[in-house]
$ cat run-v1.pdb   # PDB, C-alpha atoms, pLDDT in the B column
ATOM      1  CA  MET L   5      64.488 302.512 -30.168  1.00 47.00           C
ATOM      2  CA  ASP L   6      63.140 301.788 -26.714  1.00 58.00           C
ATOM      3  CA  ILE L   7      65.568 300.501 -24.054  1.00 55.00           C
ATOM      4  CA  LEU L   8      63.030 297.850 -23.013  1.00 63.00           C
ATOM      5  CA  ASN L   9      62.955 296.542 -26.593  1.00 67.00           C
ATOM      6  CA  ILE L  10      66.764 296.309 -26.633  1.00 67.00           C
ATOM      7  CA  ASP L  11      66.754 294.322 -23.376  1.00 92.00           C
ATOM      8  CA  LEU L  12      64.140 291.929 -24.768  1.00 96.00           C
ATOM      9  CA  LYS L  13      66.207 291.406 -27.909  1.00 96.00           C
ATOM     10  CA  GLN L  14      69.381 290.780 -25.916  1.00 96.00           C
ATOM     11  CA  ALA L  15      67.640 288.224 -23.701  1.00 97.00           C
ATOM     12  CA  ILE L  16      66.137 286.402 -26.689  1.00 98.00           C
ATOM     13  CA  VAL L  17      69.453 286.252 -28.552  1.00 97.00           C
ATOM     14  CA  LYS L  18      71.292 285.054 -25.418  1.00 97.00           C
ATOM     15  CA  VAL L  19      68.866 282.169 -24.853  1.00 97.00           C
ATOM     16  CA  LEU L  20      68.852 281.180 -28.525  1.00 97.00           C
ATOM     17  CA  GLN L  21      72.652 281.269 -28.751  1.00 96.00           C
ATOM     18  CA  ASP L  22      72.826 278.974 -25.710  1.00 94.00           C
ATOM     19  CA  TYR L  23      70.568 276.499 -27.532  1.00 93.00           C
ATOM     20  CA  VAL L  24      72.694 276.743 -30.694  1.00 94.00           C
ATOM     21  CA  GLU L  25      75.770 275.886 -28.632  1.00 92.00           C
ATOM     22  CA  PHE L  26      73.978 272.952 -26.987  1.00 88.00           C
ATOM     23  CA  LEU L  27      72.610 271.604 -30.273  1.00 85.00           C
ATOM     24  CA  GLY L  28      76.014 271.989 -31.915  1.00 82.00           C
ATOM     25  CA  LYS L  29      77.305 269.056 -29.875  1.00 79.00           C
ATOM     26  CA  ASP L  30      75.359 266.615 -32.086  1.00 75.00           C
ATOM     27  CA  PRO L  31      77.592 265.686 -35.065  1.00 76.00           C
ATOM     28  CA  GLU L  32      74.687 264.460 -37.243  1.00 76.00           C
ATOM     29  CA  SER L  33      72.468 267.500 -37.063  1.00 80.00           C
ATOM     30  CA  GLY L  34      72.870 271.198 -36.741  1.00 87.00           C
ATOM     31  CA  SER L  35      70.942 274.329 -36.133  1.00 92.00           C
ATOM     32  CA  GLN L  36      70.466 277.673 -37.792  1.00 94.00           C
ATOM     33  CA  LEU L  37      69.713 280.841 -35.891  1.00 97.00           C
ATOM     34  CA  VAL L  38      67.638 283.260 -37.962  1.00 98.00           C
ATOM     35  CA  ILE L  39      67.409 286.805 -36.602  1.00 98.00           C
ATOM     36  CA  ASP L  40      65.447 289.649 -38.183  1.00 98.00           C
ATOM     37  CA  GLU L  41      65.900 292.537 -35.757  1.00 93.00           C
ATOM     38  CA  THR L  42      64.119 294.961 -38.089  1.00 95.00           C
ATOM     39  CA  GLN L  43      60.866 292.989 -37.967  1.00 97.00           C
ATOM     40  CA  ASN L  44      61.579 291.439 -34.530  1.00 97.00           C
ATOM     41  CA  HIS L  45      61.494 287.775 -35.584  1.00 98.00           C
ATOM     42  CA  TYR L  46      63.800 285.162 -34.012  1.00 99.00           C
ATOM     43  CA  LEU L  47      63.907 281.511 -35.091  1.00 99.00           C
ATOM     44  CA  LEU L  48      66.009 278.513 -34.220  1.00 98.00           C
ATOM     45  CA  ILE L  49      65.793 275.836 -36.889  1.00 97.00           C
ATOM     46  CA  GLU L  50      67.056 272.268 -36.543  1.00 94.00           C
ATOM     47  CA  ILE L  51      68.463 270.762 -39.707  1.00 92.00           C
ATOM     48  CA  GLY L  52      70.339 267.553 -40.470  1.00 89.00           C
ATOM     49  CA  TRP L  53      69.991 263.803 -40.066  1.00 86.00           C
ATOM     50  CA  HIS L  54      69.451 261.348 -37.248  1.00 83.00           C
ATOM     51  CA  SER L  55      70.472 257.955 -38.638  1.00 86.00           C
ATOM     52  CA  SER L  56      68.383 257.753 -41.821  1.00 90.00           C
ATOM     53  CA  ARG L  57      65.699 260.195 -40.647  1.00 92.00           C
ATOM     54  CA  ARG L  58      65.708 263.775 -41.921  1.00 94.00           C
ATOM     55  CA  ILE L  59      65.500 266.482 -39.281  1.00 91.00           C
ATOM     56  CA  TYR L  60      64.135 269.849 -40.305  1.00 95.00           C
ATOM     57  CA  GLY L  61      61.862 272.121 -38.359  1.00 96.00           C
ATOM     58  CA  THR L  62      61.452 275.199 -36.274  1.00 98.00           C
ATOM     59  CA  LEU L  63      62.444 274.437 -32.701  1.00 97.00           C
ATOM     60  CA  ILE L  64      61.853 277.959 -31.391  1.00 98.00           C
ATOM     61  CA  HIS L  65      60.038 280.925 -32.932  1.00 99.00           C
ATOM     62  CA  ILE L  66      59.813 284.204 -31.024  1.00 99.00           C
ATOM     63  CA  ASP L  67      58.474 287.606 -32.066  1.00 99.00           C
ATOM     64  CA  ILE L  68      58.501 290.932 -30.251  1.00 98.00           C
ATOM     65  CA  ILE L  69      55.062 292.521 -30.598  1.00 97.00           C
ATOM     66  CA  ASP L  70      54.064 295.678 -28.705  1.00 95.00           C
ATOM     67  CA  GLN L  71      57.125 295.380 -26.442  1.00 94.00           C
ATOM     68  CA  LYS L  72      56.235 291.848 -25.364  1.00 97.00           C
ATOM     69  CA  ILE L  73      57.885 288.559 -26.221  1.00 98.00           C
ATOM     70  CA  TRP L  74      55.471 286.332 -28.138  1.00 99.00           C
ATOM     71  CA  ILE L  75      56.622 282.710 -28.109  1.00 99.00           C
ATOM     72  CA  GLN L  76      55.048 281.260 -31.258  1.00 99.00           C
ATOM     73  CA  GLN L  77      56.775 277.865 -31.060  1.00 99.00           C
ATOM     74  CA  ASP L  78      58.645 276.199 -28.210  1.00 98.00           C
ATOM     75  CA  GLY L  79      60.027 272.744 -28.893  1.00 96.00           C
ATOM     76  CA  THR L  80      62.270 272.690 -25.821  1.00 94.00           C
ATOM     77  CA  GLU L  81      61.863 270.511 -22.760  1.00 92.00           C
ATOM     78  CA  GLU L  82      62.675 273.260 -20.260  1.00 90.00           C
ATOM     79  CA  GLY L  83      60.461 275.934 -21.752  1.00 94.00           C
ATOM     80  CA  ILE L  84      61.982 278.993 -23.362  1.00 97.00           C
ATOM     81  CA  ALA L  85      59.724 281.256 -21.262  1.00 98.00           C
ATOM     82  CA  ASN L  86      61.320 279.960 -18.061  1.00 96.00           C
ATOM     83  CA  GLU L  87      64.777 280.634 -19.485  1.00 96.00           C
ATOM     84  CA  LEU L  88      63.772 284.219 -20.273  1.00 97.00           C
ATOM     85  CA  VAL L  89      62.363 284.696 -16.765  1.00 96.00           C
ATOM     86  CA  ASN L  90      65.669 283.421 -15.356  1.00 94.00           C
ATOM     87  CA  LEU L  91      67.367 286.242 -17.292  1.00 94.00           C
ATOM     88  CA  GLY L  92      65.150 288.818 -15.591  1.00 93.00           C
ATOM     89  CA  ILE L  93      62.290 289.191 -18.072  1.00 96.00           C
ATOM     90  CA  SER L  94      58.965 289.578 -16.263  1.00 95.00           C
ATOM     91  CA  PRO L  95      56.402 286.832 -16.965  1.00 97.00           C
ATOM     92  CA  LYS L  96      53.950 289.654 -17.757  1.00 97.00           C
ATOM     93  CA  GLN L  97      56.167 290.572 -20.736  1.00 97.00           C
ATOM     94  CA  ILE L  98      55.965 287.042 -22.184  1.00 98.00           C
ATOM     95  CA  VAL L  99      53.013 285.683 -24.163  1.00 98.00           C
ATOM     96  CA  LEU L 100      52.755 281.932 -24.722  1.00 98.00           C
ATOM     97  CA  ALA L 101      51.272 282.408 -28.199  1.00 98.00           C
ATOM     98  CA  TYR L 102      51.236 278.663 -28.897  1.00 97.00           C
ATOM     99  CA  LYS L 103      48.528 278.300 -26.224  1.00 97.00           C
ATOM    100  CA  THR L 104      44.936 279.422 -26.720  1.00 97.00           C
ATOM    101  CA  PRO L 105      43.992 282.747 -25.093  1.00 96.00           C
ATOM    102  CA  GLU L 106      41.821 280.804 -22.630  1.00 97.00           C
ATOM    103  CA  ARG L 107      44.734 278.617 -21.547  1.00 97.00           C
ATOM    104  CA  ARG L 108      47.016 281.649 -21.271  1.00 96.00           C
ATOM    105  CA  LYS L 109      44.707 283.067 -18.596  1.00 96.00           C
ATOM    106  CA  ILE L 110      45.605 280.256 -16.198  1.00 97.00           C
ATOM    107  CA  THR L 111      49.371 280.790 -16.477  1.00 95.00           C
ATOM    108  CA  ASP L 112      51.639 283.329 -14.794  1.00 95.00           C
ATOM    109  CA  PHE L 113      52.412 284.786 -18.220  1.00 97.00           C
ATOM    110  CA  ALA L 114      50.708 287.541 -20.222  1.00 97.00           C
ATOM    111  CA  VAL L 115      47.505 286.762 -22.104  1.00 96.00           C
ATOM    112  CA  SER L 116      48.330 289.175 -24.949  1.00 95.00           C
TER     113      SER L 116
END

$ encode --input "run-v1.pdb" --output "structure tokens"
Amino acid sequence: MDILNIDLKQAIVKVLQDYVEFLGKDPESGSQLVIDETQNHYLLIEIGWHSSRRIYGTLIHIDIIDQKIWIQQDGTEEGIANELVNLGISPKQIVLAYKTPERRKITDFAVS
């Protein structure tokens, strides 16, 4: 196992656990952190109720592909990529997969 890959995993889990703690303050809804370290998939799912409205969906979905963090889904206001950069991950190691390759070119993050 590559040390870089371990650091990426630790950063992802740290950020996701922070979101789980934050979301846990809402008594009507909850969250589930799904981690598959073998296949390098990380998901944060919101589940519960808000008044009479059902809440269920993937808030954050991250994969590690070719030693880069691929953000497949980011439903946060702050931007999960910025949180990872704040932990020391280089923007060139982060792919905003939810954006088209053309749009990725005009960001500070990796294209692929």

$ closest_residue --input "run-v1.pdb" --among "L:Ala85, L:Ala114, L:Ile64, L:Ala15" --to "Glu50 of chain L" --atoms "all atoms listed in the file"
L:Ile64

$ resolve_selection --input "run-v1.pdb" --expression "the PyMOL selection byres ((chain L and resi 44) around 12)" --output "list of chain:residue names"
L:Asn9, L:Ile10, L:Leu12, L:Lys13, L:Gln14, L:Ile16, L:Val17, L:Val38, L:Ile39, L:Asp40, L:Glu41, L:Thr42, L:Gln43, L:His45, L:Tyr46, L:Leu47, L:His65, L:Ile66, L:Asp67, L:Ile68, L:Ile69, L:Asp70, L:Gln71, L:Lys72, L:Ile73, L:Trp74, L:Ile75

$ residues_around --input "run-v1.pdb" --residues "Gly79 of chain L" --least-positions-apart "2" --cutoff "9 Å" --atoms "all atoms listed in the file" --output "ChimeraX atom specification"
/L:62-64,77,81,83-84

$ write_last_selection --input "run-v1.pdb" --atoms "C-alpha atoms" --output "mmCIF file, in the frame of the given file"
data_model
loop_
_atom_site.group_PDB
_atom_site.id
_atom_site.type_symbol
_atom_site.label_atom_id
_atom_site.label_comp_id
_atom_site.auth_asym_id
_atom_site.auth_seq_id
_atom_site.Cartn_x
_atom_site.Cartn_y
_atom_site.Cartn_z
ATOM 1 C CA THR L 62 61.452 275.199 -36.274
ATOM 2 C CA LEU L 63 62.444 274.437 -32.701
ATOM 3 C CA ILE L 64 61.853 277.959 -31.391
ATOM 4 C CA GLN L 77 56.775 277.865 -31.060
ATOM 5 C CA GLU L 81 61.863 270.511 -22.760
ATOM 6 C CA GLY L 83 60.461 275.934 -21.752
ATOM 7 C CA ILE L 84 61.982 278.993 -23.362
#

$ resolve_selection --input "run-v1.pdb" --expression "the PyMOL selection byres ((chain L and resi 51-53) around 9)" --output "PyMOL selection string"
chain L and resi 32-36+49-50+54-62

$ closest_residue --input "run-v1.pdb" --among "L:Glu25, L:Asp78, L:Asp11, L:Asp30" --to "Ile93 of chain L" --atoms "only C-alpha atoms"
L:Asp11

$ resolve_selection --input "run-v1.pdb" --expression "the PyMOL selection byres ((chain L and resi 100) around 7)" --output "list in words"
Trp74, Ile75, Gln76, Ile98, Val99, Ala101, Tyr102, Lys103 and Arg108 of chain L

$ atom_distance --input "run-v1.pdb" --atom1 "atom CA of Gln21 of chain L" --atom2 "atom CA of Leu88 of chain L"
12.6 Å

$ atom_distance --input "run-v1.pdb" --atom1 "atom CA of Pro31 of chain L" --atom2 "atom CA of Leu48 of chain L"
17.3 Å

$ atom_distance --input "run-v1.pdb" --atom1 "atom CA of Glu87 of chain L" --atom2 "atom CA of Leu37 of chain L"
17.1 Å

$ axis_aligned_box --input "run-v1.pdb" --around "segment 39-42 of chain L" --padding-each-side "6 Å" --output "AutoDock Vina command-line options"
--center_x 65.8 --center_y 290.9 --center_z -37.0 --size_x 15.3 --size_y 20.2 --size_z 14.4
